[in-house]
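Trainee: What follows is the file coords.txt, containing compact mmCIF, C-alpha atoms:
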```
# COMPACT_ATOMS: atom_id res chain seq x y z
CA MET A 3 -27.51 -55.66 -34.19
CA GLY A 4 -28.27 -52.66 -36.22
CA LYS A 5 -27.49 -49.10 -35.26
CA ARG A 6 -29.54 -47.92 -32.28
CA LYS A 7 -30.72 -44.35 -32.25
CA VAL A 8 -29.76 -42.58 -29.02
CA PRO A 9 -32.78 -40.74 -27.66
CA GLY A 10 -32.23 -36.99 -27.30
CA LEU A 11 -31.89 -35.70 -23.79
CA ASN A 12 -34.91 -33.75 -22.70
CA ALA A 13 -33.43 -30.34 -21.94
CA SER A 14 -36.61 -28.37 -21.67
CA SER A 15 -36.22 -27.85 -17.92
CA THR A 16 -32.75 -26.29 -18.18
CA ALA A 17 -34.44 -23.07 -19.18
CA ASP A 18 -36.46 -23.11 -15.98
CA ILE A 19 -33.41 -23.82 -13.87
CA SER A 20 -31.45 -20.96 -15.38
CA PHE A 21 -34.47 -18.70 -15.02
CA ILE A 22 -34.50 -19.41 -11.31
CA LEU A 23 -30.78 -18.63 -11.10
CA LEU A 24 -31.30 -15.41 -13.02
CA ILE A 25 -34.08 -14.29 -10.73
CA PHE A 26 -31.98 -15.14 -7.68
CA PHE A 27 -29.20 -12.88 -8.92
CA LEU A 28 -31.59 -10.11 -9.84
CA VAL A 29 -32.95 -10.10 -6.32
CA THR A 30 -29.73 -10.37 -4.35
CA THR A 31 -27.56 -7.95 -6.27
CA SER A 32 -27.67 -4.24 -6.71
CA MET A 33 -26.86 -2.46 -9.88
CA ASP A 34 -26.10 0.94 -8.40
CA THR A 35 -22.78 2.31 -9.47
CA ASP A 36 -21.66 4.26 -6.50
CA ARG A 37 -20.95 7.90 -7.16
CA GLY A 38 -20.15 10.63 -4.77
CA LEU A 39 -18.39 13.85 -3.95
CA ALA A 40 -14.91 13.00 -2.75
CA VAL A 41 -13.53 15.21 -0.02
CA ARG A 42 -10.55 15.03 2.26
CA LEU A 43 -11.06 15.76 5.92
CA PRO A 44 -8.39 17.68 7.83
CA ASN A 45 -6.22 15.92 10.35
CA PRO A 46 -7.65 15.57 13.83
CA PRO A 47 -7.25 18.65 16.00
CA GLU A 48 -4.32 18.42 18.37
CA ASP A 49 -4.65 19.16 22.03
CA ASN A 50 -1.84 21.62 22.33
CA GLN A 51 -3.00 23.60 19.39
CA GLN A 52 -1.51 26.99 18.90
CA ASP A 53 -3.59 29.80 17.58
CA PRO A 54 -4.46 29.20 13.98
CA PRO A 55 -2.31 31.22 11.62
CA LYS A 56 -3.71 34.66 11.03
CA ILE A 57 -5.51 34.91 7.75
CA ARG A 58 -5.85 38.32 6.25
CA GLU A 59 -9.40 39.37 5.69
CA ARG A 60 -9.09 39.66 1.96
CA ASN A 61 -7.84 36.08 1.80
CA SER A 62 -10.79 34.44 3.43
CA MET A 63 -14.25 33.74 2.17
CA ILE A 64 -16.68 32.64 4.81
CA VAL A 65 -19.72 30.72 3.66
CA ASN A 66 -22.24 30.50 6.43
CA VAL A 67 -25.31 28.28 6.24
CA ASN A 68 -27.80 28.84 9.02
CA MET A 69 -30.48 26.62 10.48
CA ASN A 70 -33.02 27.89 7.95
CA ASN A 71 -30.69 26.88 5.12
CA GLN A 72 -29.99 30.47 4.13
CA ILE A 73 -26.53 31.10 2.75
CA MET A 74 -24.44 34.09 3.68
CA VAL A 75 -21.10 34.83 2.11
CA THR A 76 -18.52 37.13 3.69
CA VAL A 77 -15.58 38.36 1.66
CA ALA A 78 -13.40 41.12 3.11
CA LYS A 79 -16.04 42.10 5.65
CA ASN A 80 -18.77 42.44 3.04
CA SER A 81 -21.53 40.04 3.95
CA LYS A 82 -24.49 39.29 1.79
CA GLU A 83 -27.15 36.66 1.57
CA ILE A 84 -27.06 34.77 -1.71
CA GLN A 85 -28.88 32.00 -3.50
CA ILE A 86 -27.16 28.71 -4.12
CA SER A 87 -27.04 29.41 -7.86
CA GLU A 88 -24.88 32.49 -7.33
CA LEU A 89 -22.32 30.73 -5.19
CA ARG A 90 -20.27 29.13 -7.93
CA GLU A 91 -19.58 32.38 -9.81
CA LEU A 92 -18.74 34.14 -6.56
CA ALA A 93 -16.34 31.39 -5.53
CA LYS A 94 -14.67 31.41 -8.92
CA GLN A 95 -14.11 35.17 -8.72
CA PHE A 96 -12.70 34.72 -5.25
CA ILE A 97 -10.36 31.85 -6.09
CA ALA A 98 -8.98 33.26 -9.32
CA ASN A 99 -9.14 37.03 -8.68
CA PRO A 100 -8.47 37.71 -12.35
CA GLU A 101 -8.66 41.51 -12.03
CA ASN A 102 -6.37 41.71 -9.00
CA ASP A 103 -9.15 43.27 -6.94
CA PRO A 104 -7.78 44.56 -3.60
CA ASP A 105 -10.80 43.08 -1.83
CA LEU A 106 -10.10 39.59 -3.16
CA PRO A 107 -7.13 37.35 -2.26
CA GLU A 108 -3.68 38.67 -3.00
CA LEU A 109 -1.86 37.29 -6.01
CA ILE A 110 1.52 35.90 -5.09
CA PRO A 111 4.02 34.69 -7.71
CA VAL A 112 4.64 30.99 -7.17
CA GLU A 113 6.88 28.52 -8.96
CA LEU A 114 4.61 25.97 -10.63
CA PRO A 115 5.46 22.88 -12.67
CA ALA A 116 5.88 23.20 -16.42
CA PRO A 117 4.40 24.61 -18.57
CA PHE A 118 3.25 27.31 -16.15
CA GLY A 119 6.53 28.48 -14.62
CA VAL A 120 6.19 31.36 -12.17
CA GLN A 121 2.60 32.52 -12.03
CA PRO A 122 0.71 34.87 -9.74
CA ILE A 123 -1.86 32.79 -7.89
CA THR A 124 -4.02 33.32 -4.85
CA LYS A 125 -1.83 31.11 -2.74
CA ASN A 126 -3.18 32.06 0.66
CA HIS A 127 -6.89 31.98 -0.02
CA VAL A 128 -9.12 29.98 2.30
CA ILE A 129 -12.77 29.15 1.87
CA SER A 130 -14.32 28.52 5.21
CA LEU A 131 -17.63 26.72 5.44
CA GLN A 132 -19.66 27.12 8.59
CA THR A 133 -22.84 25.24 9.29
CA ASP A 134 -25.33 25.03 12.08
CA ARG A 135 -26.22 21.74 13.71
CA ALA A 136 -29.74 22.17 12.34
CA THR A 137 -28.67 22.89 8.76
CA SER A 138 -30.04 20.29 6.40
CA TYR A 139 -27.54 17.93 4.86
CA ASP A 140 -28.94 18.62 1.41
CA THR A 141 -28.09 22.32 1.60
CA TYR A 142 -24.66 21.55 2.97
CA PHE A 143 -24.07 19.10 0.14
CA GLN A 144 -25.22 21.59 -2.50
CA VAL A 145 -22.86 24.23 -1.09
CA GLU A 146 -19.94 21.79 -1.10
CA ASN A 147 -20.89 20.74 -4.60
CA GLU A 148 -20.83 24.34 -5.82
CA LEU A 149 -17.50 25.07 -4.13
CA TYR A 150 -15.82 21.99 -5.59
CA GLY A 151 -17.55 22.83 -8.85
CA ALA A 152 -15.91 26.26 -8.82
CA TYR A 153 -12.48 24.67 -8.51
CA ASN A 154 -13.27 22.12 -11.21
CA ASP A 155 -14.55 24.81 -13.57
CA LEU A 156 -11.42 26.91 -13.11
CA ARG A 157 -9.15 23.91 -13.65
CA ASP A 158 -11.10 22.98 -16.72
CA GLU A 159 -10.80 26.48 -18.17
CA LEU A 160 -7.10 26.49 -17.40
CA ALA A 161 -6.59 23.10 -19.02
CA ARG A 162 -8.44 24.17 -22.15
CA LYS A 163 -6.36 27.34 -22.37
CA SER A 164 -2.97 25.76 -21.68
CA PHE A 165 -3.27 22.25 -23.08
CA GLY A 166 -6.10 22.62 -25.56
CA HIS A 167 -8.27 19.90 -24.06
CA PRO A 168 -10.57 19.62 -21.05
CA TYR A 169 -9.27 18.73 -17.62
CA ARG A 170 -10.79 15.27 -17.84
CA GLU A 171 -8.61 14.37 -20.80
CA CYS A 172 -5.37 15.68 -19.32
CA THR A 173 -2.48 13.42 -18.45
CA GLU A 174 -1.74 12.94 -14.79
CA ASP A 175 1.08 15.49 -14.81
CA GLU A 176 -1.14 18.07 -16.44
CA GLN A 177 -3.89 17.45 -13.93
CA LEU A 178 -1.43 17.81 -11.10
CA ALA A 179 -0.19 21.11 -12.53
CA CYS A 180 -3.78 22.38 -12.81
CA ARG A 181 -4.49 21.28 -9.28
CA GLN A 182 -1.50 23.20 -7.99
CA TYR A 183 -2.53 26.26 -9.95
CA TYR A 184 -5.91 26.28 -8.26
CA LYS A 185 -5.25 24.53 -5.00
CA CYS A 186 -8.39 23.52 -3.18
CA VAL A 187 -8.56 24.93 0.34
CA ILE A 188 -11.93 24.45 1.95
CA SER A 189 -11.93 24.43 5.70
CA GLU A 190 -14.89 23.42 7.74
CA ALA A 191 -15.44 24.91 11.12
CA GLU A 192 -17.25 23.07 13.83
CA PRO A 193 -20.95 23.72 13.49
CA ARG A 194 -22.35 26.08 16.01
CA LYS A 195 -25.33 25.54 18.17
CA TYR A 196 -27.34 28.70 18.06
CA ASN A 197 -30.44 27.15 19.47
CA GLN A 198 -31.63 23.64 19.88
CA MET B 19 -53.02 -23.07 -57.74
CA SER B 20 -52.97 -26.62 -56.71
CA LYS B 21 -49.38 -26.13 -55.71
CA PHE B 22 -50.37 -24.21 -52.62
CA GLN B 23 -53.19 -26.36 -51.62
CA LYS B 24 -52.72 -28.13 -48.39
CA LYS B 25 -52.47 -31.77 -48.49
CA GLY B 26 -53.97 -33.61 -45.63
CA LYS B 27 -54.04 -32.34 -42.06
CA ALA B 28 -51.60 -29.50 -41.36
CA GLU B 29 -49.70 -29.93 -38.09
CA MET B 30 -48.30 -27.09 -36.06
CA PRO B 31 -44.53 -27.61 -36.00
CA GLU B 32 -43.04 -27.77 -32.55
CA LEU B 33 -41.01 -24.74 -31.51
CA ASN B 34 -37.38 -25.56 -31.01
CA THR B 35 -36.47 -24.36 -27.53
CA SER B 36 -33.10 -26.02 -27.25
CA SER B 37 -31.27 -22.67 -27.41
CA LEU B 38 -33.41 -21.04 -24.74
CA PRO B 39 -31.23 -22.19 -21.81
CA ASP B 40 -28.15 -20.75 -23.51
CA LEU B 41 -29.92 -17.48 -24.01
CA ILE B 42 -30.94 -17.24 -20.39
CA PHE B 43 -27.53 -18.33 -19.20
CA SER B 44 -25.96 -15.46 -21.08
CA ILE B 45 -28.39 -12.99 -19.45
CA LEU B 46 -27.50 -14.56 -16.12
CA PHE B 47 -23.78 -14.09 -16.71
CA PHE B 48 -24.36 -10.53 -17.79
CA PHE B 49 -26.10 -9.78 -14.53
CA MET B 50 -23.49 -11.61 -12.49
CA ILE B 51 -20.77 -9.46 -13.99
CA VAL B 52 -22.37 -6.02 -13.87
CA THR B 53 -23.88 -6.24 -10.42
CA SER B 54 -22.46 -6.70 -6.99
CA MET B 55 -23.81 -8.55 -4.02
CA ARG B 56 -25.78 -6.52 -1.57
CA GLU B 57 -23.70 -6.45 1.57
CA VAL B 58 -25.95 -5.33 4.35
CA GLU B 59 -29.58 -5.23 5.11
CA LEU B 60 -30.55 -1.60 5.32
CA LYS B 61 -32.24 -0.52 8.49
CA VAL B 62 -32.38 3.14 7.65
CA GLU B 63 -34.07 4.90 4.78
CA PHE B 64 -32.13 7.42 2.83
CA LYS B 65 -32.38 9.40 -0.34
CA VAL B 66 -28.98 10.78 -1.21
CA PRO B 67 -28.70 14.32 -2.57
CA SER B 68 -27.94 15.01 -6.20
CA GLY B 69 -24.86 16.84 -7.39
CA THR B 70 -22.78 17.62 -10.44
CA GLU B 71 -19.17 17.24 -9.33
CA LEU B 72 -19.24 13.53 -8.64
CA GLU B 73 -16.63 10.88 -9.03
CA LYS B 74 -17.12 7.21 -9.58
CA LEU B 75 -16.01 4.90 -6.82
CA GLU B 76 -13.62 2.66 -8.65
CA ARG B 77 -12.65 -0.17 -6.36
CA LYS B 78 -15.41 -1.43 -4.17
CA SER B 79 -13.03 -3.31 -1.90
CA LEU B 80 -11.60 -0.02 -0.66
CA VAL B 81 -14.93 1.44 0.31
CA SER B 82 -16.70 1.14 3.64
CA HIS B 83 -20.20 2.45 4.02
CA ILE B 84 -21.80 4.48 6.76
CA TYR B 85 -25.53 4.96 6.46
CA ILE B 86 -27.40 7.80 8.13
CA GLY B 87 -31.14 8.23 7.85
CA LYS B 88 -34.51 7.60 9.38
CA PRO B 89 -35.10 4.10 10.69
CA THR B 90 -37.26 1.97 8.43
CA LYS B 91 -40.88 1.27 9.32
CA ASP B 92 -40.15 -1.85 11.36
CA PHE B 93 -37.89 0.04 13.71
CA ARG B 94 -39.81 3.27 13.96
CA ALA B 95 -41.97 2.15 16.84
CA LYS B 96 -38.90 1.49 18.90
CA LEU B 97 -36.52 4.18 17.72
CA GLY B 98 -38.70 7.03 16.51
CA THR B 99 -38.03 8.97 13.35
CA GLN B 100 -34.84 10.73 14.38
CA SER B 101 -31.93 10.11 12.04
CA ARG B 102 -29.75 7.22 13.10
CA ILE B 103 -26.41 5.81 12.04
CA GLN B 104 -26.10 2.30 10.69
CA LEU B 105 -22.77 0.51 10.61
CA ASN B 106 -22.71 -2.96 9.07
CA ASP B 107 -25.96 -4.49 10.25
CA LYS B 108 -26.50 -2.54 13.43
CA PHE B 109 -27.64 0.84 14.57
CA ALA B 110 -24.76 2.69 16.15
CA ASP B 111 -23.71 5.81 17.97
CA PRO B 112 -21.02 8.18 16.75
CA SER B 113 -18.77 6.72 19.44
CA HIS B 114 -18.81 3.33 17.68
CA ILE B 115 -17.31 4.74 14.52
CA ARG B 116 -13.73 4.55 15.63
CA GLU B 117 -14.09 0.86 16.36
CA PHE B 118 -15.79 0.34 13.02
CA VAL B 119 -13.00 2.07 11.14
CA MET B 120 -10.40 -0.02 12.96
CA ALA B 121 -12.22 -3.24 12.07
CA GLU B 122 -12.60 -2.20 8.45
CA ARG B 123 -8.98 -1.25 8.23
CA GLU B 124 -7.95 -4.54 9.81
CA SER B 125 -9.83 -6.49 7.16
CA MET B 126 -7.96 -4.82 4.33
CA SER B 127 -4.69 -5.92 2.84
CA GLU B 128 -1.65 -3.98 3.95
CA ARG B 129 -1.22 -2.42 0.55
CA ASP B 130 -4.75 -1.06 0.38
CA LYS B 131 -4.90 0.46 3.85
CA PRO B 132 -3.77 3.98 2.89
CA PHE B 133 -6.46 4.14 0.20
CA MET B 134 -9.39 3.34 2.41
CA LYS B 135 -12.46 5.41 1.63
CA MET B 136 -15.51 6.00 3.73
CA SER B 137 -18.70 6.42 1.79
CA LEU B 138 -21.29 8.44 3.67
CA LYS B 139 -24.77 7.62 2.51
CA VAL B 140 -26.78 10.29 4.19
CA ASP B 141 -30.43 11.16 3.78
CA ARG B 142 -31.04 14.64 2.38
CA ASP B 143 -33.27 15.67 5.24
CA THR B 144 -30.78 14.80 7.93
CA GLN B 145 -29.56 17.64 10.07
CA MET B 146 -25.88 18.48 9.96
CA GLY B 147 -25.32 17.84 13.67
CA ILE B 148 -25.15 14.06 13.39
CA VAL B 149 -23.12 14.25 10.18
CA THR B 150 -20.57 16.49 11.86
CA ASP B 151 -20.30 14.15 14.83
CA VAL B 152 -19.55 11.33 12.41
CA LYS B 153 -16.98 13.43 10.57
CA MET B 154 -15.25 14.34 13.82
CA GLU B 155 -14.99 10.65 14.72
CA LEU B 156 -13.65 9.83 11.28
CA ARG B 157 -11.00 12.48 11.69
CA GLU B 158 -10.03 11.02 15.04
CA ALA B 159 -9.80 7.58 13.46
CA MET B 160 -7.63 9.00 10.66
CA ALA B 161 -10.11 7.90 8.00
CA LEU B 162 -9.75 11.12 6.07
CA SER B 163 -10.86 10.12 2.60
CA VAL B 164 -14.59 10.62 2.60
CA VAL B 165 -17.08 10.36 -0.21
CA TYR B 166 -20.51 11.90 0.14
CA SER B 167 -22.62 9.49 -1.83
CA ALA B 168 -24.91 11.22 -4.32
CA THR B 169 -26.69 10.80 -7.60
CA GLN B 170 -25.75 12.59 -10.79
CA ARG B 171 -27.94 15.55 -11.59
```
Please express what this file holds, its structure, as structure tokens.
Mentor:
Amino acid sequence: MGKRKVPGLNASSTADISFILLIFFLVTTSMDTDRGLAVRLPNPPEDNQQDPPKIRERNSMIVNVNMNNQIMVTVAKNSKEIQISELRELAKQFIANPENDPDLPELIPVELPAPFGVQPITKNHVISLQTDRATSYDTYFQVENELYGAYNDLRDELARKSFGHPYRECTEDEQLACRQYYKCVISEAEPRKYNQ
Amino acid sequence: MSKFQKKGKAEMPELNTSSLPDLIFSILFFFMIVTSMREVELKVEFKVPSGTELEKLERKSLVSHIYIGKPTKDFRAKLGTQSRIQLNDKFADPSHIREFVMAERESMSERDKPFMKMSLKVDRDTQMGIVTDVKMELREAMALSVVYSATQR
């Protein structure tokens, strides 16, 4: 017998099969890379809670968002209504207090990791965020975003000044040092019910 | 010119499609790698806010989702348009959150438990009241790492 030619396998339907698989995966999966604003909630309140430690007026910044989504900021008894776009600058001034303003948080020398050594920082500052039950989540989120943004901006500036590169590119130790320099203290009070 | 003259009947050559399956298989694998399976069927509608200071959620296995928003059309007749919480596949009350956190924590490996993150996917138009109730419950359940899901602006 002579050589027999093997007939080629008809593979034209493989394309259809894999198309069906492809479409199945397109439908059942989601491409969204999840992003979000990471926050850390405080520990649960204890029953036998003592009075909260007294915070001096100059050390606290109260951000109040009412049911109409208006923002009021109180620093050292000076209250004013602001727009969301002004909040970041205001928060940065408050956290850093570069001019040692007596109405902004006191600068206390604190031992920080290298290369900072002992530096005057606003150790006792607290940003307190108060919302109403009827405040919209969007406004609340924008306020949080601006407050965290203020901290991130300050850390970034510090990293550029001290290490010569942005905060994102710092090593873990450098990031930790920057975080201790500008320690994030945002406390959230229970929302009040002014009217239902 | 006779060189270019056609001789006899010209036949359309058949297109060789033997590499088409390979091509489509590689698209398939690409999609299988970059995407993740949808875990739950959403019963609430939400449009997350947009922000600038966002972080990427690195390990999906550490993240549990809580959805808050208006019920979708099918449920509106029964539940109205008030914002509701969805845990897994069910509508829930803030009081169910503690149980949910326990169950989620139980399903994680011992090593991952301290790194558990709760992703709050909340509709922009939700009022803060329900969000705060959820946060209070999360605090009680010691699930303190929270991520407010958002889109990059």
Trainee: Using only C-alpha atoms, which protein or nucleic acid residues come within 12 Å of Glu88 in chain A? Drop anything in the same chain fewer than 2 positions from it, and give the result as JSON, numbers by chain.
Mentor: {"A": [73, 74, 75, 82, 83, 84, 85, 86, 90, 91, 92, 93, 94, 95, 144, 145, 148, 149, 152]}
Trainee: Give the residues of chain A that lie within 8 Å of chain B; count all atoms listed in the file, and format the answer as number ranges by chain.
Mentor: A: 13-14, 16-18, 20-21, 23-24, 27-28, 30-46, 133-140, 142-144, 147, 150-151, 154, 192-193
Trainee: When you look at Asp107 in chain B with a cut-off of 10 Å (counting all atoms listed in the file), what residues show up, excluding the ones that are within fewer than 5 positions of it in the same chain? I need them as a ChimeraX atom specification.
Mentor: /B:57-61
Trainee: What is the CA of Gln132 in chain A-CA of Ala191 in chain A distance in Å, reported with one decimal?
Mentor: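 Going from CA of Gln132 in chain A over to CA of Ala191 in chain A, I get 5.4 Å.
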Trainee: Considering all atoms listed in the file, can you say which of A:Ala116, A:Asn68, A:Glu101, A:Asp158 comes closest to Asp175 in chain A?
Mentor: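 Closest residue, counting all atoms listed in the file: A:Ala116.
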Trainee: With a distance cut-off of 12 Å and only C-alpha atoms, select the neighbouring residues of Arg60 in chain A, excluding the residue or stretch itself and same-chain residues fewer than 6 positions from it, and output the selection as a VMD selection string.
Mentor: chain A and resid 76 to 80 96 to 97 99 102 to 109 124 126 to 129
Trainee: Report, in Å with one decimal, the straight-line distance from CA of Ile115 in chain B to CA of Arg129 in chain B.
Mentor: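 Going from CA of Ile115 in chain B over to CA of Arg129 in chain B covers 22.5 Å.
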Trainee: Can you pull out the residues contacting Val62 in chain B? Cut-off 9 Å, using all atoms listed in the file, and skip same-chain residues under 6 positions away; I want them as number ranges by chain.
Mentor: B: 85-91, 93, 101-104, 109
Trainee: One number please: CA of Ser164 in chain A to CA of Ile188 in chain A, in Å, one decimal.
Mentor: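 So the two atoms, CA of Ser164 in chain A and CA of Ile188 in chain A, lie 25.3 Å apart.
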Trainee: Using only the atoms of range 130-149 of chain B listed in the file, plus 6 Å on each side, state the axis-aligned box centre and edge lengths in Å rounded to one decimal, as AutoDock Vina command-line options.
Mentor:
```
--center_x -18.5 --center_y 8.7 --center_z 6.9 --size_x 41.5 --size_y 31.5 --size_z 25.5
```
Trainee: Using all atoms listed in the file, which of the listed residues (A:Thr141, A:Lys125, A:Val187, A:Tyr169) sits closest to Asn71 in chain A?
Mentor: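 Using all atoms listed in the file, Asn71 in chain A sits closest to A:Thr141.
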